file data38.cif (mmCIF, C-alpha atoms)
data_final
#
loop_
_atom_site.label_atom_id
_atom_site.label_comp_id
_atom_site.auth_asym_id
_atom_site.auth_seq_id
_atom_site.Cartn_x
_atom_site.Cartn_y
_atom_site.Cartn_z
CA MET A 21 76.06 -12.18 36.57
CA VAL A 22 72.88 -11.13 34.75
CA THR A 23 71.87 -13.74 32.19
CA ARG A 24 68.42 -12.39 31.36
CA THR A 25 67.10 -8.96 30.41
CA VAL A 26 63.48 -7.92 30.79
CA ASP A 27 63.26 -4.35 29.55
CA LEU A 28 60.03 -2.74 30.78
CA ARG A 29 61.10 0.90 30.38
CA SER A 30 59.14 1.49 27.19
CA ASP A 31 57.81 -0.19 24.07
CA THR A 32 60.43 1.80 22.14
CA VAL A 33 63.20 -0.58 23.27
CA THR A 34 62.34 -3.50 20.97
CA LYS A 35 64.99 -4.85 18.61
CA PRO A 36 64.26 -5.37 14.90
CA THR A 37 63.13 -8.91 14.13
CA GLU A 38 64.96 -11.11 11.64
CA THR A 39 62.10 -10.56 9.19
CA MET A 40 62.55 -6.81 9.52
CA ARG A 41 66.30 -7.05 8.98
CA ALA A 42 65.81 -9.18 5.88
CA ALA A 43 63.25 -6.72 4.49
CA MET A 44 65.63 -3.81 5.14
CA ALA A 45 68.48 -5.60 3.36
CA THR A 46 66.45 -6.17 0.20
CA ALA A 47 64.33 -2.99 0.15
CA ASP A 48 63.67 -1.30 -3.19
CA VAL A 49 64.85 2.29 -2.66
CA ASP A 50 65.23 5.67 -4.32
CA ASP A 51 65.78 9.29 -3.26
CA ASP A 52 62.66 10.19 -1.27
CA VAL A 53 63.43 13.92 -1.42
CA LEU A 54 64.01 14.19 -5.16
CA CYS A 55 61.16 11.88 -6.10
CA HIS A 56 59.50 9.04 -4.20
CA ASP A 57 61.19 6.08 -2.58
CA PRO A 58 59.04 3.11 -3.73
CA THR A 59 59.09 1.34 -0.37
CA ALA A 60 58.21 4.56 1.46
CA LEU A 61 55.35 5.09 -0.98
CA ARG A 62 54.14 1.55 -0.32
CA LEU A 63 54.13 2.14 3.45
CA GLU A 64 52.43 5.53 3.12
CA THR A 65 49.75 4.13 0.81
CA GLU A 66 49.01 1.30 3.23
CA MET A 67 48.85 3.62 6.25
CA ALA A 68 46.50 5.99 4.43
CA ARG A 69 44.26 2.99 3.69
CA ILE A 70 44.31 1.69 7.27
CA THR A 71 43.53 5.12 8.72
CA GLY A 72 40.91 6.07 6.15
CA LYS A 73 42.76 9.24 5.12
CA GLU A 74 43.71 10.51 1.68
CA ALA A 75 47.46 10.49 2.17
CA ALA A 76 50.30 9.70 4.56
CA LEU A 77 53.91 10.77 5.11
CA PHE A 78 56.77 8.91 6.80
CA VAL A 79 58.72 11.01 9.34
CA PRO A 80 61.70 10.17 11.57
CA SER A 81 59.87 10.41 14.90
CA GLY A 82 56.57 10.95 16.66
CA THR A 83 57.78 14.27 18.01
CA MET A 84 58.45 15.51 14.49
CA GLY A 85 55.12 14.09 13.34
CA ASN A 86 53.21 16.04 15.98
CA LEU A 87 55.26 19.18 15.39
CA ILE A 88 54.68 19.08 11.62
CA SER A 89 50.97 18.50 12.15
CA VAL A 90 50.57 21.40 14.56
CA LEU A 91 52.56 23.74 12.30
CA ALA A 92 50.58 22.69 9.23
CA HIS A 93 47.30 23.55 10.94
CA CYS A 94 48.63 26.63 12.76
CA ASP A 95 50.51 28.25 9.89
CA ILE A 96 50.19 31.76 11.32
CA ARG A 97 52.58 32.53 14.18
CA GLY A 98 50.76 33.33 17.39
CA SER A 99 48.04 30.75 16.74
CA GLU A 100 46.81 28.78 19.74
CA VAL A 101 46.26 25.06 20.25
CA VAL A 102 44.04 23.58 22.95
CA LEU A 103 45.54 20.40 24.42
CA GLY A 104 45.77 18.38 27.61
CA ASN A 105 47.93 19.57 30.48
CA ASN A 106 49.25 16.00 30.83
CA SER A 107 49.68 15.30 27.12
CA HIS A 108 52.85 14.11 25.41
CA ILE A 109 52.92 17.10 23.05
CA HIS A 110 52.77 19.53 25.96
CA ILE A 111 55.23 17.80 28.32
CA TYR A 112 57.71 15.66 26.40
CA GLU A 113 58.31 17.34 23.05
CA ASN A 114 60.68 20.13 24.09
CA GLY A 115 58.05 22.84 23.68
CA GLY A 116 58.71 22.62 19.95
CA ILE A 117 55.35 24.00 18.90
CA SER A 118 56.28 27.24 20.69
CA THR A 119 60.02 27.48 20.19
CA ILE A 120 59.97 26.51 16.52
CA GLY A 121 56.42 27.26 15.39
CA GLY A 122 55.43 30.23 17.52
CA VAL A 123 52.26 28.35 18.49
CA HIS A 124 50.79 29.08 21.91
CA PRO A 125 49.56 26.08 23.99
CA ARG A 126 46.38 26.50 26.02
CA THR A 127 46.05 23.56 28.36
CA VAL A 128 42.95 21.89 29.69
CA LYS A 129 43.08 19.46 32.61
CA ASN A 130 43.33 15.82 31.59
CA ASN A 131 41.06 13.50 33.52
CA GLU A 132 42.36 10.19 34.86
CA ASP A 133 41.11 8.46 31.69
CA GLY A 134 43.03 10.83 29.40
CA THR A 135 39.97 12.81 28.29
CA MET A 136 39.37 16.52 28.74
CA ASP A 137 35.87 17.67 29.69
CA ILE A 138 34.08 18.90 26.57
CA ASP A 139 32.79 22.02 28.30
CA LEU A 140 36.32 22.90 29.45
CA ILE A 141 37.66 22.47 25.91
CA GLU A 142 34.97 24.78 24.60
CA ALA A 143 35.66 27.31 27.35
CA ALA A 144 39.33 27.34 26.33
CA ILE A 145 38.53 28.30 22.73
CA ARG A 146 39.16 32.01 22.26
CA ASP A 147 36.39 34.33 21.13
CA PRO A 148 37.58 35.62 17.72
CA ARG A 149 36.28 39.04 18.68
CA GLY A 150 39.15 39.25 21.15
CA ALA A 151 41.84 38.80 18.50
CA LEU A 152 43.27 42.21 19.30
CA VAL A 153 44.59 40.87 22.62
CA TYR A 154 44.23 37.06 22.52
CA PRO A 155 45.85 34.37 20.38
CA ILE A 156 43.52 32.85 17.78
CA THR A 157 42.55 29.24 18.50
CA ARG A 158 43.05 27.07 15.42
CA LEU A 159 43.53 23.52 16.67
CA ILE A 160 42.54 20.94 19.30
CA CYS A 161 44.85 18.01 20.08
CA LEU A 162 43.92 14.67 21.63
CA GLU A 163 46.13 11.69 22.54
CA ASN A 164 45.00 8.07 22.03
CA THR A 165 46.07 6.03 23.89
CA HIS A 166 46.91 8.51 26.62
CA ALA A 167 50.33 7.53 27.94
CA ASN A 168 50.52 9.54 31.17
CA SER A 169 47.10 8.22 32.18
CA GLY A 170 48.39 4.67 31.92
CA GLY A 171 47.64 3.88 28.30
CA LYS A 172 43.95 4.74 28.52
CA CYS A 173 41.84 4.54 25.36
CA LEU A 174 39.70 7.41 24.10
CA SER A 175 36.34 6.14 22.89
CA VAL A 176 34.91 6.77 19.44
CA GLU A 177 31.99 8.61 21.03
CA TYR A 178 34.29 10.99 22.89
CA THR A 179 36.52 11.65 19.89
CA ASP A 180 33.47 12.30 17.71
CA GLN A 181 32.19 14.81 20.28
CA VAL A 182 35.48 16.70 20.20
CA GLY A 183 35.43 16.57 16.41
CA GLU A 184 31.98 18.11 16.33
CA LEU A 185 33.10 20.81 18.73
CA ALA A 186 36.08 21.60 16.51
CA LYS A 187 33.82 21.91 13.46
CA LYS A 188 31.39 24.10 15.36
CA HIS A 189 34.15 26.62 15.99
CA GLY A 190 35.94 26.24 12.66
CA LEU A 191 38.94 24.46 14.19
CA LYS A 192 41.00 21.44 13.18
CA LEU A 193 41.45 18.28 15.26
CA HIS A 194 44.79 16.48 15.47
CA ILE A 195 45.20 13.16 17.26
CA ASP A 196 48.54 12.09 18.68
CA GLY A 197 47.94 8.44 17.89
CA ALA A 198 51.38 7.17 18.84
CA ARG A 199 49.67 4.04 20.19
CA ILE A 200 46.42 4.18 18.21
CA PHE A 201 46.81 0.52 17.22
CA ASN A 202 46.82 -0.38 20.93
CA ALA A 203 43.56 1.54 21.32
CA SER A 204 42.10 -0.18 18.28
CA VAL A 205 42.92 -3.65 19.61
CA ALA A 206 41.75 -2.89 23.15
CA LEU A 207 38.46 -1.34 22.01
CA GLY A 208 37.86 -3.73 19.13
CA ILE A 209 37.33 -0.80 16.78
CA PRO A 210 39.20 -0.23 13.49
CA VAL A 211 41.85 2.48 13.41
CA HIS A 212 40.04 4.38 10.64
CA ARG A 213 36.95 4.68 12.81
CA LEU A 214 38.93 5.96 15.80
CA LEU A 215 40.43 8.64 13.53
CA GLN A 216 37.31 9.47 11.53
CA ALA A 217 36.72 12.80 13.28
CA ALA A 218 40.37 13.87 13.04
CA ASP A 219 41.82 16.11 10.38
CA SER A 220 45.25 14.61 11.00
CA ALA A 221 47.01 12.04 13.15
CA SER A 222 50.54 11.01 14.00
CA ILE A 223 51.09 7.26 14.39
CA CYS A 224 54.27 5.78 15.85
CA LEU A 225 55.68 2.68 14.18
CA SER A 226 58.53 2.18 16.68
CA LYS A 227 56.50 1.76 19.86
CA GLY A 228 54.11 -1.19 20.21
CA LEU A 229 54.50 -2.18 16.57
CA GLY A 230 58.22 -2.66 17.06
CA ALA A 231 59.76 -0.99 14.00
CA PRO A 232 63.26 0.38 14.67
CA VAL A 233 62.53 3.94 13.51
CA GLY A 234 59.76 6.24 12.44
CA SER A 235 56.21 7.51 12.52
CA VAL A 236 53.60 8.30 9.89
CA ILE A 237 51.34 11.32 9.74
CA VAL A 238 48.03 11.05 7.91
CA GLY A 239 45.45 13.50 6.62
CA SER A 240 44.09 15.08 3.46
CA ASN A 241 46.16 15.48 0.30
CA SER A 242 46.51 19.22 0.91
CA PHE A 243 47.57 18.66 4.52
CA ILE A 244 50.24 16.11 3.54
CA ALA A 245 51.52 18.47 0.80
CA LYS A 246 52.12 21.12 3.47
CA ALA A 247 53.54 18.49 5.82
CA LYS A 248 56.10 17.36 3.26
CA ILE A 249 57.49 20.89 2.98
CA LEU A 250 57.62 21.23 6.76
CA ARG A 251 59.38 17.87 7.05
CA LYS A 252 62.14 19.17 4.76
CA THR A 253 62.32 22.44 6.71
CA LEU A 254 62.80 20.52 9.98
CA GLY A 255 65.53 18.30 8.54
CA GLY A 256 63.36 15.22 8.19
CA GLY A 257 63.65 14.75 4.43
CA MET A 258 65.61 11.52 4.05
CA ARG A 259 67.02 9.91 0.96
CA GLN A 260 66.89 6.10 0.62
CA VAL A 261 64.39 5.93 3.45
CA GLY A 262 62.86 2.72 2.12
CA ILE A 263 65.41 0.82 4.22
CA LEU A 264 63.55 2.06 7.31
CA CYS A 265 60.09 1.84 5.77
CA ALA A 266 60.66 -1.82 4.87
CA ALA A 267 60.95 -2.68 8.56
CA ALA A 268 57.88 -0.57 9.30
CA ILE A 269 55.84 -2.48 6.72
CA VAL A 270 56.77 -5.74 8.45
CA ALA A 271 55.81 -4.20 11.80
CA VAL A 272 52.35 -3.27 10.54
CA GLN A 273 51.84 -6.65 8.88
CA GLU A 274 53.12 -8.87 11.69
CA ASN A 275 52.93 -7.09 15.03
CA VAL A 276 49.45 -5.58 15.26
CA GLY A 277 48.22 -9.06 16.08
CA LYS A 278 50.65 -9.29 18.99
CA LEU A 279 49.29 -6.23 20.81
CA GLU A 280 46.50 -8.20 22.47
CA GLY A 281 49.15 -10.41 24.07
CA ASP A 282 50.99 -7.33 25.31
CA HIS A 283 47.80 -6.07 26.94
CA LYS A 284 47.20 -9.46 28.56
CA ASN A 285 50.74 -9.58 29.92
CA ALA A 286 50.36 -6.06 31.30
CA LYS A 287 47.19 -7.11 33.10
CA VAL A 288 48.79 -10.25 34.54
CA LEU A 289 51.82 -8.31 35.72
CA ALA A 290 49.72 -5.54 37.27
CA GLU A 291 47.49 -8.02 39.09
CA GLY A 292 50.52 -9.94 40.32
CA LEU A 293 52.29 -6.81 41.59
CA ASN A 294 49.16 -5.69 43.38
CA LYS A 295 49.31 -8.86 45.49
CA ILE A 296 52.80 -8.03 46.77
CA LYS A 297 52.93 -6.18 50.05
CA GLY A 298 54.42 -2.71 49.65
CA ILE A 299 53.14 -2.06 46.12
CA ARG A 300 49.90 -0.44 45.08
CA VAL A 301 48.53 -0.91 41.54
CA ASP A 302 45.10 -0.12 40.15
CA ALA A 303 45.10 -3.36 38.17
CA ALA A 304 41.43 -3.05 37.23
CA SER A 305 42.15 0.11 35.26
CA VAL A 306 44.84 -1.43 33.03
CA GLU A 307 43.52 -1.22 29.46
CA THR A 308 46.54 -1.61 27.19
CA ASN A 309 50.30 -2.09 27.64
CA ILE A 310 51.14 0.71 30.09
CA PHE A 311 50.57 1.05 33.82
CA TYR A 312 52.04 2.77 36.85
CA PHE A 313 52.50 1.52 40.39
CA ASP A 314 53.23 3.26 43.66
CA ILE A 315 55.54 2.06 46.42
CA GLU A 316 53.89 2.41 49.81
CA GLU A 317 55.56 4.38 52.58
CA SER A 318 55.79 1.25 54.71
CA SER A 319 58.05 -0.42 52.14
CA LYS A 320 61.77 -0.70 52.74
CA HIS A 321 62.35 0.46 49.15
CA THR A 322 62.15 3.73 47.28
CA ALA A 323 61.59 3.70 43.53
CA GLU A 324 65.31 4.24 43.00
CA SER A 325 66.49 1.47 45.34
CA LEU A 326 63.94 -0.95 43.93
CA SER A 327 65.03 -0.08 40.39
CA LYS A 328 68.67 -0.78 41.29
CA TYR A 329 67.74 -4.11 42.86
CA LEU A 330 65.80 -5.13 39.77
CA GLN A 331 68.51 -3.93 37.41
CA GLN A 332 71.01 -6.26 39.08
CA ARG A 333 68.65 -9.06 38.04
CA GLY A 334 68.21 -7.79 34.47
CA ILE A 335 64.86 -6.06 34.92
CA LEU A 336 64.68 -2.45 33.71
CA VAL A 337 61.88 -0.06 34.70
CA MET A 338 61.19 3.67 34.33
CA LEU A 339 61.18 5.89 37.42
CA GLU A 340 58.41 8.51 37.55
CA GLY A 341 59.15 9.94 41.00
CA PRO A 342 60.48 8.96 44.45
CA SER A 343 57.81 6.30 44.88
CA ARG A 344 56.27 5.87 41.43
CA VAL A 345 57.32 3.54 38.60
CA ARG A 346 56.11 3.08 35.02
CA ILE A 347 55.87 -0.32 33.34
CA VAL A 348 55.42 -0.83 29.58
CA LEU A 349 54.93 -4.20 27.92
CA HIS A 350 55.82 -5.03 24.31
CA HIS A 351 55.99 -7.99 21.94
CA GLN A 352 59.46 -9.01 23.09
CA ILE A 353 58.29 -9.62 26.66
CA SER A 354 57.08 -13.20 27.14
CA GLU A 355 54.76 -14.76 29.69
CA SER A 356 57.87 -16.32 31.24
CA ASP A 357 59.44 -12.85 31.52
CA VAL A 358 56.35 -11.65 33.38
CA GLN A 359 56.59 -14.49 35.91
CA TYR A 360 60.33 -13.94 36.36
CA THR A 361 59.66 -10.24 36.97
CA LEU A 362 57.02 -11.02 39.58
CA SER A 363 59.46 -13.34 41.35
CA CYS A 364 62.11 -10.63 41.51
CA PHE A 365 59.64 -8.06 42.81
CA GLN A 366 58.41 -10.53 45.42
CA GLN A 367 61.91 -11.15 46.71
CA ALA A 368 62.84 -7.46 46.62
CA LEU A 369 59.89 -6.37 48.72
CA THR A 370 59.34 -9.33 51.04
CA GLY A 371 62.64 -11.20 50.96
CA VAL A 372 60.79 -14.36 50.01
CA PRO A 373 60.71 -15.69 46.41
CA ASP A 374 57.32 -16.84 45.15
CA GLN A 375 56.64 -20.30 43.76
CA ASN A 376 58.19 -19.35 40.41
CA GLY A 377 61.65 -18.93 41.91
CA ILE A 378 64.42 -16.95 40.23
#
call {"tool": "encode", "arguments": {"input": "data38.cif", "output": "structure tokens"}}
result
Amino acid sequence: MVTRTVDLRSDTVTKPTETMRAAMATADVDDDVLCHDPTALRLETEMARITGKEAALFVPSGTMGNLISVLAHCDIRGSEVVLGNNSHIHIYENGGISTIGGVHPRTVKNNEDGTMDIDLIEAAIRDPRGALVYPITRLICLENTHANSGGKCLSVEYTDQVGELAKKHGLKLHIDGARIFNASVALGIPVHRLLQAADSASICLSKGLGAPVGSVIVGSNSFIAKAKILRKTLGGGMRQVGILCAAAIVAVQENVGKLEGDHKNAKVLAEGLNKIKGIRVDAASVETNIFYFDIEESSKHTAESLSKYLQQRGILVMLEGPSRVRIVLHHQISESDVQYTLSCFQQALTGVPDQNGI
């Protein structure tokens, strides 16, 4: 019988804290479509301040936040956006920019650190003189941290370079900042500085920060005015949304400070796994709360069989292929959970429990 659960599938799996639940129960609310929900306005004002932007808008999800942002910048069907071939927008958001917005993606290869080479980005920008046959490039998208690269952080210097390139060609820059607070903590640089070059950003509140629902998009007043209309068009205009925003306010106030601990736990877990025969982890490259590991061919386990073994002991992981697994830490994973997880991995792969036992 499983008596303990260690959920490492994603940082989206966290449960609302008691403080969040209390804030939700007592939230001051109003109809956020007809006017302005006061708690939503409070959250949006605070997020605009933190990010250094003029305005912010609460949306139900990061996918909707990115979709609204792309459509606001690319408001002519047939526009083109330059983005990473391994980016969340391109792979995991149902192709919404194309199917709903008529926006054409032009991908550039993501490097192992989540960046795209500046010269390749520039080469992907269409020459406006070819508008008779080519889509018109209007937007560049970056992702910080870059999830598929293992939560890698994009530096201020790199983001500024892309921002300058966008300005040079008269384009806008959007940052998928689902985990921008993780980048801020890991780099020791304020969020507003990481987003300074961006015209817009989408920031998830329900990943590392632990809110139950929602994201916020930030940008200029004119951008957010367009975004609010698009949110309603896409079915994201909610009524007494302050109930959700109240939990998000608590998340921003209380959980940013916990991200450093998540990063430390990720590092400890990665280093521990790398010592177990049959697993290969680039522990030195772990920067934030996400990493991947590979199961070596000599191991008796596949990713699926290992996952089933772990699940029987209350440990949940995300499969990324026949021999590849993703691990994500969050504020509801303790140091004790990390040691328990290492013990279970040790026994699964070698048959011998480590000194921590089970």
call {"tool": "resolve_selection", "arguments": {"input": "data38.cif", "expression": "the PyMOL selection byres ((chain A and resi 274-285) around 10)", "output": "count of residues only"}}
result
42
call {"tool": "resolve_selection", "arguments": {"input": "data38.cif", "expression": "the PyMOL selection byres ((chain A and resi 129) around 6)", "output": "number ranges by chain"}}
result
A: 104-105, 128, 130
call {"tool": "write_last_selection", "arguments": {"input": "data38.cif", "atoms": "C-alpha atoms", "output": "tab-separated table (two decimals), in the frame of the given file"}}
result
chain	number	residue	atom	x	y	z
A	104	GLY	CA	45.77	18.38	27.61
A	105	ASN	CA	47.93	19.57	30.48
A	128	VAL	CA	42.95	21.89	29.69
A	130	ASN	CA	43.33	15.82	31.59
call {"tool": "resolve_selection", "arguments": {"input": "data38.cif", "expression": "the PyMOL selection byres ((chain A and resi 191) around 12)", "output": "PyMOL selection string"}}
result
chain A and resi 93-94+99-102+141-142+145-146+148+156-161+182-190+192-194+217-219
call {"tool": "residues_around", "arguments": {"input": "data38.cif", "residues": "Arg29 in chain A", "least_positions_apart": "6", "cutoff": "7 Å", "atoms": "only C-alpha atoms", "output": "short mmCIF file (atom, residue, chain, number, x, y, z; two decimals) with C-alpha atoms, keeping the file's coordinate frame"}}
result
data_model
loop_
_atom_site.label_atom_id
_atom_site.label_comp_id
_atom_site.auth_asym_id
_atom_site.auth_seq_id
_atom_site.Cartn_x
_atom_site.Cartn_y
_atom_site.Cartn_z
CA LEU A 336 64.68 -2.45 33.71
CA VAL A 337 61.88 -0.06 34.70
CA MET A 338 61.19 3.67 34.33
CA ILE A 347 55.87 -0.32 33.34
CA VAL A 348 55.42 -0.83 29.58
#
call {"tool": "residues_around", "arguments": {"input": "data38.cif", "residues": "range 112-115 of chain A", "least_positions_apart": "4", "cutoff": "12 Å", "atoms": "only C-alpha atoms", "output": "list in words"}}
result
Ser81, Gly82, Thr83, Met84, Gly85, Asn86, Leu87, Val90, Asn105, Asn106, Ser107, His108, Thr119, Ile120, Gly121, Gly122, Val123, His124, Pro125, Ala167, Asn168 and Asp196 of chain A
call {"tool": "atom_distance", "arguments": {"input": "data38.cif", "atom1": "CA of His212 in chain A", "atom2": "CA of Ile88 in chain A"}}
result
20.8 Å
call {"tool": "residues_around", "arguments": {"input": "data38.cif", "residues": "Gly262 in chain A", "least_positions_apart": "2", "cutoff": "12 Å", "atoms": "only C-alpha atoms", "output": "PyMOL selection string"}}
result
chain A and resi 43-53+56-64+78-79+233-234+258-260+264-269
call {"tool": "write_last_selection", "arguments": {"input": "data38.cif", "atoms": "C-alpha atoms", "output": "mmCIF file, keeping the file's coordinate frame"}}
result
data_model
loop_
_atom_site.group_PDB
_atom_site.id
_atom_site.type_symbol
_atom_site.label_atom_id
_atom_site.label_comp_id
_atom_site.auth_asym_id
_atom_site.auth_seq_id
_atom_site.Cartn_x
_atom_site.Cartn_y
_atom_site.Cartn_z
ATOM 1 C CA ALA A 43 63.250 -6.720 4.490
ATOM 2 C CA MET A 44 65.630 -3.810 5.140
ATOM 3 C CA ALA A 45 68.480 -5.600 3.360
ATOM 4 C CA THR A 46 66.450 -6.170 0.200
ATOM 5 C CA ALA A 47 64.330 -2.990 0.150
ATOM 6 C CA ASP A 48 63.670 -1.300 -3.190
ATOM 7 C CA VAL A 49 64.850 2.290 -2.660
ATOM 8 C CA ASP A 50 65.230 5.670 -4.320
ATOM 9 C CA ASP A 51 65.780 9.290 -3.260
ATOM 10 C CA ASP A 52 62.660 10.190 -1.270
ATOM 11 C CA VAL A 53 63.430 13.920 -1.420
ATOM 12 C CA HIS A 56 59.500 9.040 -4.200
ATOM 13 C CA ASP A 57 61.190 6.080 -2.580
ATOM 14 C CA PRO A 58 59.040 3.110 -3.730
ATOM 15 C CA THR A 59 59.090 1.340 -0.370
ATOM 16 C CA ALA A 60 58.210 4.560 1.460
ATOM 17 C CA LEU A 61 55.350 5.090 -0.980
ATOM 18 C CA ARG A 62 54.140 1.550 -0.320
ATOM 19 C CA LEU A 63 54.130 2.140 3.450
ATOM 20 C CA GLU A 64 52.430 5.530 3.120
ATOM 21 C CA PHE A 78 56.770 8.910 6.800
ATOM 22 C CA VAL A 79 58.720 11.010 9.340
ATOM 23 C CA VAL A 233 62.530 3.940 13.510
ATOM 24 C CA GLY A 234 59.760 6.240 12.440
ATOM 25 C CA MET A 258 65.610 11.520 4.050
ATOM 26 C CA ARG A 259 67.020 9.910 0.960
ATOM 27 C CA GLN A 260 66.890 6.100 0.620
ATOM 28 C CA LEU A 264 63.550 2.060 7.310
ATOM 29 C CA CYS A 265 60.090 1.840 5.770
ATOM 30 C CA ALA A 266 60.660 -1.820 4.870
ATOM 31 C CA ALA A 267 60.950 -2.680 8.560
ATOM 32 C CA ALA A 268 57.880 -0.570 9.300
ATOM 33 C CA ILE A 269 55.840 -2.480 6.720
#
call {"tool": "closest_residue", "arguments": {"input": "data38.cif", "among": "A:Pro210, A:Pro155, A:Gly134, A:Gly150", "to": "Thr71 in chain A", "atoms": "all atoms listed in the file"}}
result
A:Pro210
call {"tool": "atom_distance", "arguments": {"input": "data38.cif", "atom1": "CA of Lys73 in chain A", "atom2": "CA of Ala221 in chain A"}}
result
9.5 Å
call {"tool": "atom_distance", "arguments": {"input": "data38.cif", "atom1": "CA of Ala245 in chain A", "atom2": "CA of Leu91 in chain A"}}
result
12.7 Å
call {"tool": "residues_around", "arguments": {"input": "data38.cif", "residues": "Pro232 in chain A", "least_positions_apart": "4", "cutoff": "7 Å", "atoms": "all atoms listed in the file", "output": "list in words"}}
result
Lys35, Pro36 and Ser226 of chain A
call {"tool": "write_last_selection", "arguments": {"input": "data38.cif", "atoms": "C-alpha atoms", "output": "JSON list (two decimals), in the coordinates of the input"}}
result
[["chain", "number", "residue", "atom", "x", "y", "z"],
["A", 35, "LYS", "CA", 64.99, -4.85, 18.61],
["A", 36, "PRO", "CA", 64.26, -5.37, 14.90],
["A", 226, "SER", "CA", 58.53, 2.18, 16.68]]
call {"tool": "closest_residue", "arguments": {"input": "data38.cif", "among": "A:Met136, A:Val238, A:Val26, A:Ile296", "to": "Arg69 in chain A", "atoms": "all atoms listed in the file"}}
result
A:Val238
call {"tool": "axis_aligned_box", "arguments": {"input": "data38.cif", "around": "range 112-124 of chain A", "padding_each_side": "3 Å", "output": "JSON"}}
result
{"center_x": 55.7, "center_y": 22.9, "center_z": 20.9, "size_x": 15.9, "size_y": 20.6, "size_z": 17.0}
call {"tool": "closest_residue", "arguments": {"input": "data38.cif", "among": "A:Pro342, A:Gly197, A:Gly292, A:Pro80", "to": "Gly257 in chain A", "atoms": "all atoms listed in the file"}}
result
A:Pro80
call {"tool": "decode", "arguments": {"input": "data38.cif", "residues": "range 171-182 of chain A", "atoms": "N, CA, C and O atoms", "output": "tab-separated table (two decimals), in the first residue's frame"}}
result
chain	number	residue	atom	x	y	z
A	171	GLY	N	14.95	23.44	-18.44
A	171	GLY	CA	14.81	24.61	-17.57
A	171	GLY	C	15.98	25.57	-17.64
A	171	GLY	O	16.32	26.23	-16.65
A	172	LYS	N	16.58	25.69	-18.82
A	172	LYS	CA	17.73	26.60	-18.98
A	172	LYS	C	17.27	28.06	-18.99
A	172	LYS	O	16.20	28.39	-19.50
A	173	CYS	N	18.14	28.92	-18.43
A	173	CYS	CA	17.84	30.35	-18.34
A	173	CYS	C	18.45	31.11	-19.51
A	173	CYS	O	19.62	30.89	-19.86
A	174	LEU	N	17.67	32.01	-20.10
A	174	LEU	CA	18.21	32.92	-21.11
A	174	LEU	C	18.77	34.15	-20.40
A	174	LEU	O	18.09	34.76	-19.57
A	175	SER	N	19.99	34.52	-20.74
A	175	SER	CA	20.64	35.65	-20.09
A	175	SER	C	20.04	36.98	-20.54
A	175	SER	O	19.42	37.07	-21.61
A	176	VAL	N	20.25	38.00	-19.72
A	176	VAL	CA	19.84	39.35	-20.08
A	176	VAL	C	20.53	39.79	-21.37
A	176	VAL	O	19.90	40.38	-22.26
A	177	GLU	N	21.81	39.49	-21.47
A	177	GLU	CA	22.58	39.91	-22.65
A	177	GLU	C	22.01	39.30	-23.92
A	177	GLU	O	21.86	40.00	-24.94
A	178	TYR	N	21.66	38.02	-23.85
A	178	TYR	CA	21.09	37.37	-25.04
A	178	TYR	C	19.73	37.96	-25.39
A	178	TYR	O	19.45	38.29	-26.56
A	179	THR	N	18.88	38.11	-24.40
A	179	THR	CA	17.54	38.66	-24.65
A	179	THR	C	17.62	40.07	-25.21
A	179	THR	O	16.86	40.44	-26.13
A	180	ASP	N	18.54	40.88	-24.67
A	180	ASP	CA	18.72	42.23	-25.19
A	180	ASP	C	19.16	42.21	-26.66
A	180	ASP	O	18.72	43.04	-27.46
A	181	GLN	N	20.03	41.26	-27.00
A	181	GLN	CA	20.48	41.14	-28.40
A	181	GLN	C	19.31	40.83	-29.33
A	181	GLN	O	19.18	41.42	-30.41
A	182	VAL	N	18.45	39.92	-28.90
A	182	VAL	CA	17.28	39.58	-29.73
A	182	VAL	C	16.34	40.77	-29.81
A	182	VAL	O	15.76	41.05	-30.87
